[in-house]
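Enquirer: Below is the file work-v9.cif, which contains mmCIF, C-alpha atoms and all ligand atoms.
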data_final
#
loop_
_atom_site.group_PDB
_atom_site.id
_atom_site.type_symbol
_atom_site.label_atom_id
_atom_site.label_comp_id
_atom_site.auth_asym_id
_atom_site.auth_seq_id
_atom_site.Cartn_x
_atom_site.Cartn_y
_atom_site.Cartn_z
ATOM 1 C CA MET Q 1 0.000 0.000 0.000
ATOM 2 C CA ASN Q 2 2.527 2.599 1.136
ATOM 3 C CA SER Q 3 5.734 0.802 0.344
ATOM 4 C CA ILE Q 4 7.610 4.056 -0.358
ATOM 5 C CA ASN Q 5 6.726 5.342 3.091
ATOM 6 C CA SER Q 6 7.772 2.207 4.919
ATOM 7 C CA SER Q 7 11.078 2.007 3.056
ATOM 8 C CA SER Q 8 11.921 5.603 3.897
ATOM 9 C CA ILE Q 9 11.052 4.934 7.525
ATOM 10 C CA SER Q 10 13.345 1.918 7.646
ATOM 11 C CA MET Q 11 16.147 4.117 6.293
ATOM 12 C CA THR Q 12 15.963 6.479 9.239
ATOM 13 C CA LYS Q 13 14.533 4.200 11.915
ATOM 14 C CA LYS Q 14 16.862 1.676 13.415
ATOM 15 C CA THR Q 15 15.632 -1.828 12.721
ATOM 16 C CA LEU Q 16 15.365 -3.704 15.971
ATOM 17 C CA ASN Q 17 14.174 -6.966 14.552
ATOM 18 C CA PRO Q 18 15.288 -7.172 10.930
ATOM 19 C CA CYS Q 19 14.217 -9.959 8.614
ATOM 20 C CA THR Q 20 17.005 -12.485 8.153
ATOM 21 C CA ARG Q 21 16.506 -12.436 4.386
ATOM 22 C CA CYS Q 22 15.721 -8.869 3.296
ATOM 23 C CA GLY Q 23 16.641 -6.880 6.412
ATOM 24 C CA GLN Q 24 13.277 -5.145 6.649
ATOM 25 C CA GLU Q 25 11.849 -4.477 10.072
ATOM 26 C CA ARG Q 26 9.619 -7.386 10.945
ATOM 27 C CA VAL Q 27 6.043 -6.615 11.901
ATOM 28 C CA LEU Q 28 4.112 -8.070 14.796
ATOM 29 C CA GLN Q 29 1.717 -10.684 13.491
ATOM 30 C CA LYS Q 30 0.122 -11.789 16.702
ATOM 31 C CA THR Q 31 0.551 -11.642 20.416
ATOM 32 C CA TRP Q 32 -0.551 -14.063 23.062
ATOM 33 C CA LYS Q 33 -0.276 -14.448 26.776
ATOM 34 C CA GLU Q 34 1.019 -17.454 28.599
ATOM 35 C CA ASP Q 35 1.014 -18.119 32.297
ATOM 36 C CA GLN Q 36 4.442 -18.863 33.608
ATOM 37 C CA ILE Q 37 5.501 -19.835 37.086
ATOM 38 C CA THR Q 38 8.175 -17.546 38.456
ATOM 39 C CA ILE Q 39 11.067 -18.616 40.667
ATOM 40 C CA MET Q 40 9.009 -17.352 43.599
ATOM 41 C CA GLY Q 41 6.287 -19.842 42.691
ATOM 42 C CA LYS Q 42 3.845 -17.201 41.556
ATOM 43 C CA ILE Q 43 1.926 -17.346 38.308
ATOM 44 C CA GLN Q 44 2.729 -14.476 35.993
ATOM 45 C CA SER Q 45 1.252 -13.904 32.569
ATOM 46 C CA VAL Q 46 3.921 -13.199 29.982
ATOM 47 C CA THR Q 47 3.133 -11.647 26.632
ATOM 48 C CA PHE Q 48 4.686 -13.296 23.617
ATOM 49 C CA GLY Q 49 4.764 -11.933 20.103
ATOM 50 C CA GLN Q 50 5.342 -13.472 16.728
ATOM 51 C CA THR Q 51 6.863 -11.271 14.096
ATOM 52 C CA ILE Q 52 6.814 -11.762 10.367
ATOM 53 C CA CYS Q 53 8.439 -10.084 7.402
ATOM 54 C CA PRO Q 54 6.283 -7.306 5.849
ATOM 55 C CA ASN Q 55 6.917 -8.959 2.507
ATOM 56 C CA PRO Q 56 4.656 -12.057 2.330
ATOM 57 C CA ASP Q 57 6.775 -13.669 -0.403
ATOM 58 C CA CYS Q 58 9.904 -13.229 1.688
ATOM 59 C CA GLN Q 59 8.144 -14.563 4.784
ATOM 60 C CA LYS Q 60 7.082 -17.624 2.811
ATOM 61 C CA ILE Q 61 10.730 -18.382 2.004
ATOM 62 C CA VAL Q 62 11.759 -17.738 5.606
ATOM 63 C CA ASP Q 63 9.044 -20.129 6.776
ATOM 64 C CA GLN Q 64 10.292 -22.704 4.302
ATOM 65 C CA GLU Q 65 13.870 -22.279 5.500
ATOM 66 C CA ILE Q 66 12.788 -22.674 9.121
ATOM 67 C CA LYS Q 67 10.816 -25.783 8.205
ATOM 68 C CA VAL Q 68 13.803 -27.313 6.408
ATOM 69 C CA LEU Q 69 16.044 -26.481 9.349
ATOM 70 C CA GLU Q 70 13.594 -28.006 11.820
ATOM 71 C CA GLU Q 71 13.265 -31.147 9.729
ATOM 72 C CA LYS Q 72 17.036 -31.422 9.517
ATOM 73 C CA GLN Q 73 17.354 -31.074 13.275
ATOM 74 C CA ALA Q 74 14.562 -33.587 13.832
ATOM 75 C CA SER Q 75 16.193 -36.147 11.551
ATOM 76 C CA LEU Q 76 19.549 -35.540 13.230
ATOM 77 C CA LYS Q 77 17.935 -36.111 16.605
ATOM 78 C CA LYS Q 78 16.282 -39.285 15.337
ATOM 79 C CA LYS Q 79 19.600 -40.510 13.947
ATOM 80 C CA ARG Q 80 21.323 -39.820 17.246
ATOM 81 C CA GLU Q 81 18.581 -41.641 19.126
ATOM 82 C CA SER Q 82 18.734 -44.666 16.836
ATOM 83 C CA ASN Q 83 22.524 -44.704 17.210
ATOM 84 C CA ASP Q 84 22.082 -44.732 20.968
ATOM 85 C CA PHE Q 85 19.568 -47.532 20.607
ATOM 86 C CA THR Q 86 21.943 -49.651 18.483
ATOM 87 C CA ARG Q 87 24.769 -49.009 20.883
ATOM 88 C CA LYS Q 88 22.611 -50.044 23.837
ATOM 89 C CA LYS Q 89 21.330 -53.071 21.950
ATOM 90 C CA ASN Q 90 24.876 -54.115 21.020
ATOM 91 C CA SER Q 91 26.143 -53.759 24.560
ATOM 92 C CA LEU Q 92 23.120 -55.717 25.766
ATOM 93 C CA GLU Q 93 23.840 -58.479 23.260
ATOM 94 C CA MET Q 94 27.486 -58.546 24.304
ATOM 95 C CA ALA Q 95 26.436 -58.812 27.946
ATOM 96 C CA ASN Q 96 24.014 -61.598 27.081
ATOM 97 C CA LYS Q 97 26.700 -63.453 25.152
ATOM 98 C CA ALA Q 98 29.113 -63.116 28.053
ATOM 99 C CA ARG Q 99 26.443 -64.424 30.396
ATOM 100 C CA LYS Q 100 25.739 -67.371 28.101
ATOM 101 C CA ASN Q 101 29.426 -68.211 27.883
ATOM 102 C CA LYS Q 102 29.703 -68.129 31.628
ATOM 103 C CA SER Q 103 26.680 -70.359 32.136
ATOM 104 C CA ARG Q 104 28.142 -72.917 29.758
ATOM 105 C CA ILE Q 105 31.252 -73.323 31.867
HETATM 106 ZN ZN ZN R 1 12.067 -10.417 4.540
#
As C-alpha cells, please, write out the structure in this file.
Expert:
Amino acid sequence: MNSINSSSISMTKKTLNPCTRCGQERVLQKTWKEDQITIMGKIQSVTFGQTICPNPDCQKIVDQEIKVLEEKQASLKKKRESNDFTRKKNSLEMANKARKNKSRI
C-alpha cells in the first residue's frame, strides 16, 4: 500500500528486529499471553509476540527455511537416538553373550 513510506522509515529508523533475508523491520503478526511460574512460585502472565516479514513472499521463504532447518534437526535427533539404541542393543547383546558363555562353563 505505502511501500515508499515504509522504506523511507526503515532508512531512518533503526531496525530492531530485521528480517534475516531482506533486512526489513519485521512486523508483529500476533501476540498471546502465557502463564508462567516464576522462581518465587507465583503465576505471571507473559506476553509473547510473533513477528513476520512485511513482505509475504519473503516470509514464505523464511518459513520454508525454518521448516527445512527443523526437519534437519529432527532427523539428526532421530539418527542420534537410533545410534544410541543400536549401541545399547549391542552392549546388551554382548552382555548376554558373556552371560551365556559363563553359564556354559
Ligand atoms: Zn524479509
Enquirer: Name every residue that the PyMOL selection byres (((chain Q and resi 16-28) around 6) and not hetatm) selects in this structure, writing the answer as a compact mmCIF listing (two decimals) with C-alpha atoms, in the coordinates of the input with chains first and numbers rising.
Expert:
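As written to disk, selection-v3.txt reads:
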# COMPACT_ATOMS: atom_id res chain seq x y z
CA THR Q 15 15.63 -1.83 12.72
CA GLN Q 29 1.72 -10.68 13.49
CA LYS Q 30 0.12 -11.79 16.70
CA GLN Q 50 5.34 -13.47 16.73
CA THR Q 51 6.86 -11.27 14.10
CA ILE Q 52 6.81 -11.76 10.37
CA CYS Q 53 8.44 -10.08 7.40
Enquirer: Go through Q:Gln59, Q:Asn96, Q:Gln44, Q:Ser91 one by one, measure the shortest atom-to-atom distance of each to ligand ZN 1 (chain R) using all atoms listed in the file, and give the residue with the smallest value.
Expert: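 Using all atoms listed in the file, ligand ZN 1 (chain R) sits closest to Q:Gln59.
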Enquirer: Around (6.6, -13.9, 22.6), as given in the file, which residues come within 10 Å? Count all atoms listed in the file and list them as a ChimeraX atom specification.
Expert: /Q:30-34,46-51
Enquirer: Figure out the distance between CA of Lys67 (chain Q) and CA of Asn83 (chain Q), please, to one decimal in Å.
Expert: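 Spanning CA of Asn83 (chain Q) to CA of Lys67 (chain Q) is a straight-line distance of 24.0 Å.
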Enquirer: Using all atoms listed in the file, which residue out of Q:Lys97, Q:Lys88, Q:Lys42, Q:Lys60 lies closest to ligand ZN 1 (chain R)?
Expert: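 Of Q:Lys97, Q:Lys88, Q:Lys42, Q:Lys60, the one nearest ligand ZN 1 (chain R) is Q:Lys60, counting all atoms listed in the file.
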Enquirer: Which is closest to ligand ZN 1 (chain R) among Q:Thr86, Q:Gln73, Q:Cys58, Q:Lys78, if we use only C-alpha atoms and all ligand atoms?
Expert: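 Residue with the minimum atom-to-atom distance to ligand ZN 1 (chain R): Q:Cys58.
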Enquirer: Between Q:Ala98, Q:Leu92, Q:Ile61, Q:Ile37, which has the minimum distance to ligand ZN 1 (chain R) (counting all atoms listed in the file)?
Expert: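 With all atoms listed in the file as the atom set, the closest residue is Q:Ile61.
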Enquirer: Would you please work out which residue, of Q:Val68, Q:Asn90, Q:Pro54, Q:Lys100, is nearest to ligand ZN 1 (chain R) when using all atoms listed in the file?
Expert: Q:Pro54
Enquirer: Would you mind telling me which residue in Q:Ser75, Q:Thr38, Q:Asn55, Q:Ser82 lies nearest to ligand ZN 1 (chain R) when using all atoms listed in the file?
Expert: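 Ranked by minimum distance to ligand ZN 1 (chain R), first place goes to Q:Asn55.
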